[in-house]
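What follows is a single structure, written as C-alpha cells, with notes after it.
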Amino acid sequence: MTESAPGGGSTAKPPADRGRTSIADGVVEKIAGLAAREVVGVHAMGSGSGLSRTFGAVRDRVPGGAKSTVSRGVKAEVGEVQTALDLEIVVDYGVSIRDVARAVRENVVSAVERMTGLEVVEVNIAVSDVKLPDEDDEEPESRLQ
C-alpha cells in the first residue's frame, strides 16, 4: 500500500519500516546470561549455595523444567526500546568483585545492545556467594549411612 504525499506524489514505506519487532524477556535474559558467564571471575549464575546449584542443574535436565541454564540468575524487563536487567552471580574467591561486576556490566550491555538494538538502561548485579577453592560444585555427601 502506498501513501499519498503532499503535492500528489506517492511514497511507500521502506521495507524495513513495515511492521514491528518485539523481543521477549527470555531472549534478552539468555543473551545477558551468556555474556555474564564469559567474564573471568564469574563462577556461576543464580543462587549461591552449592546445593541450590545442584538442584538447579537437575531441574534443567527435566523436560519442561524451570528456566534454562543460560538464563538462570537473570531477570529482564523489556520495553519497546529499552531494557533493564537484574543479575545474580557467584564469583570465584580472590577476584575483585568490583572489577568483575564492572566487566559483567560492560559485556552484558554490549551484547544486548548489539544483538537486540535495545538501550540497556541499567544492569543491577547481586553477588550472592563466593566460590572457595576447596568447595565442590556437587551435592555434599550425607553423613548418614
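Going through the C-alpha cells in order, the chains are called A, B, and so on, while each chain numbers its residues from 1 and the ligands are numbered from 1 in the order shown.
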
Val28 in chain A environment, 7 Å, only C-alpha atoms, sequence neighbours closer than 4 positions dropped, as JSON, numbers by chain | {"A": [24, 32, 76, 112]}

**Item:** Residues near range 131-136 of chain A, cut-off 7 Å, only C-alpha atoms, skip fewer than 5 positions along chain, as number ranges by chain
**Value:** A: 43, 90-93

Smallest atom-to-atom distance to Ile97 in chain A: which of A:Leu85, A:Met45, A:Met115, A:Val40, using only C-alpha atoms?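 Of A:Leu85, A:Met45, A:Met115, A:Val40, the one nearest Ile97 in chain A is A:Val40, counting only C-alpha atoms.
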
* For the atom pair CA of Glu77 in chain A and CA of Ala111 in chain A, what is the interatomic distance in Å to one decimal place? ->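 Calculated distance between CA of Glu77 in chain A and CA of Ala111 in chain A is 16.0 Å.
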
The residue from A:Asp17, A:Glu38, A:Glu29, A:Glu80 with the smallest atom-to-atom distance to Leu118 in chain A, counting only C-alpha atoms, is A:Glu80
